[in-house]
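Everything below belongs to protein34.pdb, which stores PDB, C-alpha atoms.
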ATOM      1  CA  MET E   7      -7.956  -9.372   1.395
ATOM      2  CA  GLU E   8      -7.663  -5.565   1.321
ATOM      3  CA  THR E   9      -5.422  -3.832   3.810
ATOM      4  CA  GLU E  10      -7.561  -2.696   6.712
ATOM      5  CA  ARG E  11      -5.157  -0.730   8.911
ATOM      6  CA  PHE E  12      -2.475   1.793   8.068
ATOM      7  CA  ILE E  13       0.189   2.380  10.661
ATOM      8  CA  GLY E  14       2.771   5.125  10.971
ATOM      9  CA  ILE E  15       5.916   4.922  13.081
ATOM     10  CA  ASP E  16       8.390   7.763  13.573
ATOM     11  CA  LEU E  17      11.504   5.820  14.500
ATOM     12  CA  ALA E  18      14.453   7.866  13.212
ATOM     13  CA  TRP E  19      16.591   7.751  16.340
ATOM     14  CA  ALA E  20      19.788   6.159  17.538
ATOM     15  CA  HIS E  21      19.783   2.912  19.482
ATOM     16  CA  GLY E  22      22.129   1.998  22.296
ATOM     17  CA  GLY E  23      25.103   3.976  23.544
ATOM     18  CA  ALA E  24      25.203   5.992  26.729
ATOM     19  CA  ARG E  25      21.608   7.226  26.552
ATOM     20  CA  ALA E  26      19.664   6.083  29.609
ATOM     21  CA  LYS E  27      16.532   5.484  27.573
ATOM     22  CA  PRO E  28      15.643   5.760  23.878
ATOM     23  CA  ASN E  29      13.848   8.745  22.428
ATOM     24  CA  GLU E  30      10.107   8.723  22.124
ATOM     25  CA  THR E  31       8.594   7.146  19.054
ATOM     26  CA  GLY E  32       5.400   8.560  17.618
ATOM     27  CA  VAL E  33       2.903   5.869  16.599
ATOM     28  CA  ALA E  34      -0.473   6.035  14.870
ATOM     29  CA  ALA E  35      -2.972   3.696  13.243
ATOM     30  CA  VAL E  36      -5.852   4.647  10.949
ATOM     31  CA  ASP E  37      -8.454   2.637   9.074
ATOM     32  CA  ARG E  38      -9.624   2.941   5.482
ATOM     33  CA  SER E  39     -12.184   5.604   6.427
ATOM     34  CA  GLY E  40      -9.445   7.804   7.907
ATOM     35  CA  THR E  41     -10.516   7.234  11.499
ATOM     36  CA  VAL E  42      -7.573   7.363  13.890
ATOM     37  CA  LEU E  43      -7.830   4.090  15.781
ATOM     38  CA  GLU E  44      -4.797   4.511  18.020
ATOM     39  CA  CYS E  45      -2.063   7.081  18.401
ATOM     40  CA  GLY E  46       0.489   8.132  20.954
ATOM     41  CA  TRP E  47       4.084   7.384  21.840
ATOM     42  CA  THR E  48       6.303   4.429  22.710
ATOM     43  CA  ARG E  49       9.913   4.112  23.877
ATOM     44  CA  GLY E  50      12.339   1.545  22.539
ATOM     45  CA  ILE E  51      12.093  -1.356  20.138
ATOM     46  CA  GLU E  52      10.316  -3.764  22.471
ATOM     47  CA  GLU E  53       7.637  -1.270  23.497
ATOM     48  CA  THR E  54       7.041  -0.376  19.858
ATOM     49  CA  LYS E  55       6.723  -4.044  18.916
ATOM     50  CA  SER E  56       4.261  -4.574  21.772
ATOM     51  CA  TRP E  57       2.191  -1.605  20.608
ATOM     52  CA  LEU E  58       2.130  -3.042  17.099
ATOM     53  CA  ALA E  59       1.053  -6.455  18.373
ATOM     54  CA  ARG E  60      -1.928  -4.827  20.114
ATOM     55  CA  THR E  61      -2.796  -2.502  17.254
ATOM     56  CA  ALA E  62      -2.190  -4.433  14.031
ATOM     57  CA  VAL E  63      -4.970  -6.929  14.583
ATOM     58  CA  GLY E  64      -6.869  -8.862  11.948
ATOM     59  CA  GLY E  65      -3.896 -10.036   9.921
ATOM     60  CA  SER E  66      -3.999  -7.129   7.462
ATOM     61  CA  ALA E  67      -1.928  -4.018   8.164
ATOM     62  CA  LEU E  68       0.535  -1.824   6.290
ATOM     63  CA  ALA E  69       3.102  -0.035   8.445
ATOM     64  CA  PHE E  70       5.117   2.860   7.036
ATOM     65  CA  VAL E  71       8.202   3.653   9.101
ATOM     66  CA  ASP E  72      10.149   6.904   9.089
ATOM     67  CA  ALA E  73      13.540   5.245   9.567
ATOM     68  CA  PRO E  74      15.976   3.244   7.450
ATOM     69  CA  LEU E  75      14.708  -0.350   7.428
ATOM     70  CA  VAL E  76      17.267  -1.954   5.094
ATOM     71  CA  VAL E  77      20.889  -0.770   5.263
ATOM     72  CA  ASP E  78      23.282  -2.950   3.276
ATOM     73  CA  ASN E  79      25.851  -0.348   2.202
ATOM     74  CA  PRO E  80      29.076  -0.375   4.273
ATOM     75  CA  ALA E  81      29.662   3.349   3.734
ATOM     76  CA  GLY E  82      28.278   6.403   2.009
ATOM     77  CA  GLN E  83      24.636   7.053   1.246
ATOM     78  CA  ARG E  84      21.918   4.641   0.210
ATOM     79  CA  PRO E  85      20.706   5.189  -3.378
ATOM     80  CA  CYS E  86      17.157   5.865  -2.171
ATOM     81  CA  GLU E  87      18.460   8.678   0.040
ATOM     82  CA  ARG E  88      20.442  10.156  -2.840
ATOM     83  CA  GLU E  89      17.294  10.121  -4.979
ATOM     84  CA  VAL E  90      15.424  12.122  -2.331
ATOM     85  CA  GLY E  91      17.744  15.038  -2.986
ATOM     86  CA  GLN E  92      17.676  14.504  -6.745
ATOM     87  CA  ARG E  93      13.868  14.427  -7.001
ATOM     88  CA  TYR E  94      12.825  16.736  -4.133
ATOM     89  CA  GLY E  95      15.803  19.050  -3.730
ATOM     90  CA  ARG E  96      13.991  21.907  -5.481
ATOM     91  CA  TRP E  97      11.544  21.815  -2.552
ATOM     92  CA  LYS E  98      14.487  21.921  -0.077
ATOM     93  CA  VAL E  99      14.055  18.272   0.856
ATOM     94  CA  SER E 100      17.048  15.954   1.189
ATOM     95  CA  ALA E 101      17.911  12.916   3.304
ATOM     96  CA  ASN E 102      20.682  12.144   5.756
ATOM     97  CA  SER E 103      23.211   9.508   4.733
ATOM     98  CA  THR E 104      22.783   6.072   6.265
ATOM     99  CA  ASN E 105      25.218   3.157   6.172
ATOM    100  CA  GLN E 106      26.249   0.229   8.335
ATOM    101  CA  ASN E 107      28.414   2.520  10.482
ATOM    102  CA  SER E 108      25.536   4.886  11.232
ATOM    103  CA  PRO E 109      24.199   5.152  14.794
ATOM    104  CA  ARG E 110      20.569   5.681  13.775
ATOM    105  CA  LEU E 111      19.637   2.098  12.910
ATOM    106  CA  ALA E 112      16.686   1.485  15.211
ATOM    107  CA  GLY E 113      14.553   0.864  12.125
ATOM    108  CA  VAL E 114      16.753  -2.051  11.086
ATOM    109  CA  LEU E 115      16.351  -3.577  14.532
ATOM    110  CA  LEU E 116      12.593  -3.076  14.394
ATOM    111  CA  ARG E 117      12.383  -4.719  10.967
ATOM    112  CA  GLU E 118      14.398  -7.726  12.118
ATOM    113  CA  GLY E 119      12.243  -8.112  15.214
ATOM    114  CA  LEU E 120       8.981  -7.804  13.308
ATOM    115  CA  GLN E 121      10.075 -10.311  10.677
ATOM    116  CA  GLU E 122      10.578 -12.824  13.468
ATOM    117  CA  SER E 123       6.933 -12.344  14.438
ATOM    118  CA  GLY E 124       5.492 -12.735  10.943
ATOM    119  CA  TRP E 125       5.751  -9.287   9.387
ATOM    120  CA  VAL E 126       7.090  -8.954   5.846
ATOM    121  CA  TYR E 127       9.295  -6.175   4.549
ATOM    122  CA  ASP E 128       8.154  -4.875   1.151
ATOM    123  CA  ASP E 129      10.288  -2.569  -0.988
ATOM    124  CA  GLY E 130       7.302  -1.480  -3.077
ATOM    125  CA  ARG E 131       8.740  -2.404  -6.465
ATOM    126  CA  ASP E 132       5.801  -4.730  -7.175
ATOM    127  CA  GLY E 133       3.206  -2.150  -6.134
ATOM    128  CA  PRO E 134       1.082  -1.936  -2.979
ATOM    129  CA  PRO E 135       0.456  -5.106  -0.971
ATOM    130  CA  THR E 136      -3.051  -6.531  -0.953
ATOM    131  CA  GLY E 137      -3.002  -8.000   2.525
ATOM    132  CA  GLY E 138      -0.887  -9.475   5.271
ATOM    133  CA  MET E 139       1.339  -7.727   7.812
ATOM    134  CA  VAL E 140       3.641  -5.572   5.730
ATOM    135  CA  MET E 141       6.145  -2.810   6.508
ATOM    136  CA  SER E 142       7.873  -0.307   4.228
ATOM    137  CA  GLU E 143       9.997   2.804   4.613
ATOM    138  CA  CYS E 144       8.783   6.348   4.024
ATOM    139  CA  TYR E 145       9.943   9.915   4.670
ATOM    140  CA  PRO E 146       7.364  12.499   5.821
ATOM    141  CA  TYR E 147       9.097  15.440   4.137
ATOM    142  CA  THR E 148       8.515  13.811   0.735
ATOM    143  CA  THR E 149       4.863  13.380   1.665
ATOM    144  CA  LEU E 150       4.459  17.048   2.510
ATOM    145  CA  VAL E 151       5.922  18.320  -0.762
ATOM    146  CA  GLY E 152       4.946  15.353  -2.941
ATOM    147  CA  ALA E 153       1.222  15.237  -2.084
ATOM    148  CA  SER E 154      -0.547  18.272  -3.520
ATOM    149  CA  GLU E 155      -3.178  18.092  -0.761
ATOM    150  CA  PHE E 156      -0.821  19.912   1.602
ATOM    151  CA  GLY E 157      -0.201  22.828  -0.721
ATOM    152  CA  TYR E 158       3.563  23.033  -0.254
ATOM    153  CA  ASP E 159       4.174  23.845  -3.886
ATOM    154  CA  GLN E 160       7.446  25.741  -3.476
ATOM    155  CA  GLU E 161       9.290  24.282  -0.489
ATOM    156  CA  ARG E 162       8.889  22.148   2.607
ATOM    157  CA  PRO E 163       7.386  23.612   5.796
ATOM    158  CA  THR E 164       9.895  24.798   8.390
ATOM    159  CA  TYR E 165       8.495  22.845  11.315
ATOM    160  CA  LYS E 166      11.771  21.041  12.048
ATOM    161  CA  ARG E 167      15.025  22.712  10.996
ATOM    162  CA  ARG E 168      15.734  26.415  11.428
ATOM    163  CA  PRO E 169      16.252  28.241   8.140
ATOM    164  CA  VAL E 170      19.204  30.624   8.116
ATOM    165  CA  ARG E 171      16.804  33.494   7.478
ATOM    166  CA  VAL E 172      15.186  33.013  10.913
ATOM    167  CA  PRO E 173      17.175  34.410  13.881
ATOM    168  CA  THR E 174      17.811  31.949  16.703
ATOM    169  CA  THR E 175      15.984  34.205  19.162
ATOM    170  CA  ARG E 176      12.782  33.967  17.116
ATOM    171  CA  TRP E 177      13.035  30.336  16.029
ATOM    172  CA  ARG E 178      10.851  28.653  18.642
ATOM    173  CA  ALA E 179       7.939  31.022  18.053
ATOM    174  CA  VAL E 180       8.301  30.772  14.265
ATOM    175  CA  ARG E 181       8.489  26.975  14.445
ATOM    176  CA  ALA E 182       5.365  26.703  16.618
ATOM    177  CA  ALA E 183       3.399  28.941  14.250
ATOM    178  CA  GLU E 184       4.557  26.925  11.219
ATOM    179  CA  CYS E 185       3.562  23.706  12.979
ATOM    180  CA  ASP E 186       0.068  25.084  13.614
ATOM    181  CA  ARG E 187      -0.235  25.909   9.905
ATOM    182  CA  LEU E 188       0.856  22.371   9.039
ATOM    183  CA  ILE E 189      -1.741  20.906  11.395
ATOM    184  CA  ALA E 190      -4.426  23.056   9.746
ATOM    185  CA  ARG E 191      -3.420  21.610   6.383
ATOM    186  CA  MET E 192      -3.510  18.102   7.823
ATOM    187  CA  ALA E 193      -7.048  18.809   9.053
ATOM    188  CA  GLY E 194      -7.956  19.408   5.406
ATOM    189  CA  LEU E 195      -7.257  15.744   4.711
ATOM    190  CA  ALA E 196     -10.690  15.007   6.186
ATOM    191  CA  THR E 197     -12.061  15.390   2.648
ATOM    192  CA  ALA E 198      -9.086  13.886   0.804
ATOM    193  CA  ASP E 199      -8.796  10.511  -0.907
ATOM    194  CA  PRO E 200      -7.765   8.780   1.273
ATOM    195  CA  PRO E 201      -9.017  10.800   4.240
ATOM    196  CA  LEU E 202      -7.412  11.427   7.618
ATOM    197  CA  LEU E 203      -9.714  12.471  10.446
ATOM    198  CA  LEU E 204      -7.578  14.114  13.125
ATOM    199  CA  ALA E 205     -10.619  14.838  15.288
ATOM    200  CA  SER E 206     -11.588  11.153  15.482
ATOM    201  CA  HIS E 207      -9.222  10.302  18.377
ATOM    202  CA  PRO E 208      -8.720  12.281  21.603
ATOM    203  CA  VAL E 209      -4.924  12.350  21.290
ATOM    204  CA  SER E 210      -4.789  13.501  17.676
ATOM    205  CA  ARG E 211      -7.672  15.904  18.334
ATOM    206  CA  ARG E 212      -5.441  17.788  20.783
ATOM    207  CA  LEU E 213      -3.298  18.787  17.804
ATOM    208  CA  LEU E 214      -6.307  20.792  16.623
ATOM    209  CA  ASP E 215      -7.426  22.070  20.011
ATOM    210  CA  GLU E 216      -4.108  23.161  21.528
ATOM    211  CA  PRO E 217      -1.504  25.532  20.051
ATOM    212  CA  SER E 218       1.934  24.084  19.365
ATOM    213  CA  PRO E 219       4.253  24.576  22.343
ATOM    214  CA  GLN E 220       7.529  26.464  22.162
ATOM    215  CA  ARG E 221       9.408  24.484  24.821
ATOM    216  CA  ALA E 222      11.768  22.101  22.988
ATOM    217  CA  ALA E 223      10.798  18.838  24.703
ATOM    218  CA  ASP E 224       7.072  19.524  24.431
ATOM    219  CA  TYR E 225       7.431  20.521  20.810
ATOM    220  CA  LYS E 226       9.375  17.359  19.923
ATOM    221  CA  HIS E 227       6.617  15.323  21.617
ATOM    222  CA  ARG E 228       4.082  16.888  19.243
ATOM    223  CA  GLU E 229       6.327  16.687  16.175
ATOM    224  CA  ASP E 230       6.834  12.926  16.617
ATOM    225  CA  LEU E 231       3.071  12.349  16.655
ATOM    226  CA  ILE E 232       2.581  14.527  13.572
ATOM    227  CA  ASP E 233       5.202  12.522  11.677
ATOM    228  CA  ALA E 234       3.587   9.228  12.726
ATOM    229  CA  LEU E 235       0.212  10.418  11.423
ATOM    230  CA  LEU E 236       1.840  11.535   8.170
ATOM    231  CA  CYS E 237       3.428   8.089   7.814
ATOM    232  CA  ALA E 238       0.075   6.378   8.376
ATOM    233  CA  TRP E 239      -1.627   8.590   5.788
ATOM    234  CA  THR E 240       1.199   7.921   3.314
ATOM    235  CA  ALA E 241       0.643   4.175   3.777
ATOM    236  CA  ALA E 242      -3.045   4.679   3.010
ATOM    237  CA  LEU E 243      -2.182   6.795  -0.048
ATOM    238  CA  TRP E 244       0.170   4.091  -1.369
ATOM    239  CA  SER E 245      -2.430   1.394  -0.786
ATOM    240  CA  ARG E 246      -5.199   3.417  -2.433
ATOM    241  CA  HIS E 247      -3.372   4.904  -5.439
ATOM    242  CA  GLY E 248      -0.048   3.051  -5.773
ATOM    243  CA  PRO E 249       2.338   4.300  -8.482
ATOM    244  CA  ALA E 250      -0.236   6.805  -9.752
ATOM    245  CA  ARG E 251       0.480   9.001  -6.720
ATOM    246  CA  CYS E 252       3.757   7.614  -5.354
ATOM    247  CA  GLN E 253       7.202   6.599  -6.574
ATOM    248  CA  VAL E 254       9.690   4.080  -5.211
ATOM    249  CA  LEU E 255      13.086   5.671  -4.589
ATOM    250  CA  GLY E 256      15.908   3.144  -4.923
ATOM    251  CA  ALA E 257      13.857   0.983  -7.284
ATOM    252  CA  ASP E 258      16.849   0.262  -9.525
ATOM    253  CA  SER E 259      18.563  -1.879  -6.894
ATOM    254  CA  PRO E 260      19.895  -5.161  -8.343
ATOM    255  CA  VAL E 261      18.691  -7.240  -5.385
ATOM    256  CA  PRO E 262      15.605  -9.498  -5.758
ATOM    257  CA  PRO E 263      12.170  -7.875  -5.493
ATOM    258  CA  GLY E 264      11.005  -7.204  -1.959
ATOM    259  CA  ARG E 265      14.485  -6.826  -0.473
ATOM    260  CA  ALA E 266      15.847  -3.499  -1.737
ATOM    261  CA  ALA E 267      16.477  -0.467   0.440
ATOM    262  CA  THR E 268      13.750   1.868  -0.807
ATOM    263  CA  ILE E 269      11.676   4.837   0.253
ATOM    264  CA  ILE E 270       8.068   5.005  -0.930
ATOM    265  CA  ALA E 271       7.349   8.675  -1.571
ATOM    266  CA  PRO E 272       4.327  10.612  -2.817
ATOM    267  CA  ALA E 273       5.289  12.412  -6.017
ATOM    268  CA  ARG E 274       4.045  15.158  -8.264
ATOM    269  CA  PRO E 275       4.726  14.592 -11.993
ATOM    270  CA  GLU E 276       7.666  17.031 -11.920
ATOM    271  CA  GLN E 277       9.315  15.085  -9.072
ATOM    272  CA  ARG E 278       9.596  11.864 -11.013
ATOM    273  CA  ARG E 279      12.607  10.647 -12.948
ATOM    274  CA  GLY E 280      12.940  12.168 -16.368
ATOM    275  CA  SER E 281      10.793  15.165 -15.465
ATOM    276  CA  GLY E 282      13.685  17.586 -15.740
ATOM    277  CA  ALA E 283      13.091  18.767 -12.173
TER     278      ALA E 283
END
Rewrite the structure from the file as structure tokens, please.
Amino acid sequence: METERFIGIDLAWAHGGARAKPNETGVAAVDRSGTVLECGWTRGIEETKSWLARTAVGGSALAFVDAPLVVDNPAGQRPCEREVGQRYGRWKVSANSTNQNSPRLAGVLLREGLQESGWVYDDGRDGPPTGGMVMSECYPYTTLVGASEFGYDQERPTYKRRPVRVPTTRWRAVRAAECDRLIARMAGLATADPPLLLASHPVSRRLLDEPSPQRAADYKHREDLIDALLCAWTAALWSRHGPARCQVLGADSPVPPGRAATIIAPARPEQRRGSGA
């Protein structure tokens, strides 16, 4: 059975503590033709699981999650996160450190909950899955600089963090304009292999029809959806092309196959180990 649905979840937020409610989570699902079947936002682990139960129908779905799913290191940084900086640092892409003392472990909770309902975590070391309900970890920044379709040949887009060269007073306008340029490049995926058709769903179509807002909360709302769509497309890319277009960061883990903390990342030849990058 071939994977029929590719799901993206932007879940890199803290869980618990004094916050009255969890941050929004961007969610998206596309099919093999690139049609956006569902997309929007959820809040909290349970709401995200419920969305998945409604969306991942048919017994064949691959979910890529932008959040640490396996965290077994008591301190420091996971090897897969260290490899992000080693392989993609030239493009100004690195990863935050995650360990068992980190607050941002919502992805671990999601993985544990989904495994109870029949999902399987896959570290990617045996290649793309061929069916079933499977989840893996990804990182949208590596997609943007690792997939040549986006055209970020020199460095990542500045749609999230303010570069020091941009004054604080100008940052919101600069960020919104950069986000619009990113969306235009995403629209170009309509003719890619695999495709992504932003105009095929009313929610994702608004990314094309409306300029990116400057107000912080409204902008974050949009950014979370963009990252979810990037995760879904990355899942489709992994399923379609496997190791020919992607690499598995953290693949040298000594744990049994299927259980390592890894990040599946699109990669240009110069971003792979031994390239001298």
**OP:** Please evaluate the PyMOL selection byres ((chain E and resi 138) around 12) against the structure above and give the resulting residues as a PyMOL selection string.
**Re:** chain E and resi 7-12+62-69+124-128+134-137+139-141
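With distances restricted to only C-alpha atoms, E:Ala223 is the closest residue to Asn29 (chain E) from E:Ala183, E:Ala223, E:Val151, E:Leu213.
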Put the listed atoms of region 169-188 of chain E in a box along x, y and z with 3 Å added on every side and give me the centre and edge lengths in Å to one decimal, as lines of an AutoDock Vina configuration file.
center_x = 9.5
center_y = 28.4
center_z = 13.3
size_x = 25.4
size_y = 18.0
size_z = 17.7
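Residue nearest Pro163 (chain E) within the list E:Asp16, E:Asp224, E:Glu184, E:Glu87: E:Glu184 [criterion: smallest interatomic distance, only C-alpha atoms].
Residues in contact with region 257-261 of chain E at up to 12 Å, not including ones fewer than 5 positions away on its chain and judged by only C-alpha atoms, are E:Val76, E:Asp78, E:Asn79, E:Arg84, E:Pro85, E:Cys86, E:Glu87, E:Glu89, E:Asp128, E:Asp129, E:Gly130, E:Arg131, E:Asp132, E:Gly133, E:Ala266, E:Ala267, E:Thr268, E:Ile269, E:Ile270, E:Ala271, E:Arg279.
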Using all atoms listed in the file, what residues lie at most 9 Å away from (5.3, 9.1, 3.6) (file coordinates), given as a PDB file with C-alpha atoms, in the coordinates of the input?
ATOM      1  CA  GLY E  14       2.771   5.125  10.971  1.00  0.00           C
ATOM      2  CA  PHE E  70       5.117   2.860   7.036  1.00  0.00           C
ATOM      3  CA  VAL E  71       8.202   3.653   9.101  1.00  0.00           C
ATOM      4  CA  ASP E  72      10.149   6.904   9.089  1.00  0.00           C
ATOM      5  CA  GLU E 143       9.997   2.804   4.613  1.00  0.00           C
ATOM      6  CA  CYS E 144       8.783   6.348   4.024  1.00  0.00           C
ATOM      7  CA  TYR E 145       9.943   9.915   4.670  1.00  0.00           C
ATOM      8  CA  PRO E 146       7.364  12.499   5.821  1.00  0.00           C
ATOM      9  CA  TYR E 147       9.097  15.440   4.137  1.00  0.00           C
ATOM     10  CA  THR E 148       8.515  13.811   0.735  1.00  0.00           C
ATOM     11  CA  THR E 149       4.863  13.380   1.665  1.00  0.00           C
ATOM     12  CA  LEU E 150       4.459  17.048   2.510  1.00  0.00           C
ATOM     13  CA  ASP E 233       5.202  12.522  11.677  1.00  0.00           C
ATOM     14  CA  LEU E 236       1.840  11.535   8.170  1.00  0.00           C
ATOM     15  CA  CYS E 237       3.428   8.089   7.814  1.00  0.00           C
ATOM     16  CA  ALA E 238       0.075   6.378   8.376  1.00  0.00           C
ATOM     17  CA  TRP E 239      -1.627   8.590   5.788  1.00  0.00           C
ATOM     18  CA  THR E 240       1.199   7.921   3.314  1.00  0.00           C
ATOM     19  CA  ALA E 241       0.643   4.175   3.777  1.00  0.00           C
ATOM     20  CA  LEU E 243      -2.182   6.795  -0.048  1.00  0.00           C
ATOM     21  CA  TRP E 244       0.170   4.091  -1.369  1.00  0.00           C
ATOM     22  CA  ILE E 269      11.676   4.837   0.253  1.00  0.00           C
ATOM     23  CA  ILE E 270       8.068   5.005  -0.930  1.00  0.00           C
ATOM     24  CA  ALA E 271       7.349   8.675  -1.571  1.00  0.00           C
ATOM     25  CA  PRO E 272       4.327  10.612  -2.817  1.00  0.00           C
TER      26      PRO E 272
END
**OP:** Could you tell me which residues the PyMOL selection byres ((chain E and resi 107) around 12) grabs in this file, written as a list in words?
**Re:** Ala20, Val77, Asp78, Asn79, Pro80, Ala81, Gly82, Gln83, Ser103, Thr104, Asn105, Gln106, Ser108, Pro109, Arg110 and Leu111 of chain E
Subject >> Selection dump of the PyMOL selection byres ((chain E and resi 36) around 9), as a ChimeraX atom specification >> reply: /E:10-14,34-35,37-45,202-203,235,238-239,242
Subject >> Å distance separating CA of Thr31 (chain E) from CA of Ile51 (chain E), one decimal place >> reply: 9.3 Å
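The list of residues with at least one atom within 10 Å of Ala205 (chain E), based on all atoms listed in the file and without residues fewer than 5 positions apart in the same chain, reads Thr41, Val42, Ala193, Ala196, Ser210, Arg211, Arg212, Leu213, Leu214 and Asp215 of chain E.
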**OP:** For Tyr165 (chain E), please output as a ChimeraX atom specification all residues within 10 Å (counting only C-alpha atoms; exclusion window: fewer than 3 positions along the same chain).
**Re:** /E:162,168-169,177-178,180-188,225,229
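Proximity ranking of E:Ala73, E:Ala273, E:Leu58, E:Val90 relative to Gly119 (chain E) places E:Leu58 first, based on only C-alpha atoms.
Proximity ranking of E:Ala198, E:Ala59, E:Val99, E:Ile15 relative to Leu75 (chain E) places E:Ile15 first, based on all atoms listed in the file.
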Subject >> Atomic distance CA of Asp230 (chain E) - CA of Ile189 (chain E), expressed in Å with one decimal >> reply: 12.8 Å
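Here CA of His227 (chain E) stands at a distance of 23.4 Å from CA of Arg117 (chain E).
Closest approach to Ser123 (chain E) from the set E:Arg171, E:Arg88, E:Lys55, E:Arg60 is made by E:Lys55, with distances taken over only C-alpha atoms.
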Sorted per-residue table, region 147-265 of chain E near region 274-277 of chain E, closest atoms and distance, 9 Å, only C-alpha atoms, as JSON lines:
{"residue": "E:Val151", "atom": "CA", "partner": "E:Arg274", "partner_atom": "CA", "distance": 8.4}
{"residue": "E:Gly152", "atom": "CA", "partner": "E:Arg274", "partner_atom": "CA", "distance": 5.4}
{"residue": "E:Ala153", "atom": "CA", "partner": "E:Arg274", "partner_atom": "CA", "distance": 6.8}
{"residue": "E:Ser154", "atom": "CA", "partner": "E:Arg274", "partner_atom": "CA", "distance": 7.3}
{"residue": "E:Arg251", "atom": "CA", "partner": "E:Arg274", "partner_atom": "CA", "distance": 7.3}
{"residue": "E:Cys252", "atom": "CA", "partner": "E:Arg274", "partner_atom": "CA", "distance": 8.1}
Original post:
Which one is closest to Asp199 (chain E): E:His247, E:Leu116, E:Arg96, E:Arg167? Count only C-alpha atoms.
Top reply: E:His247
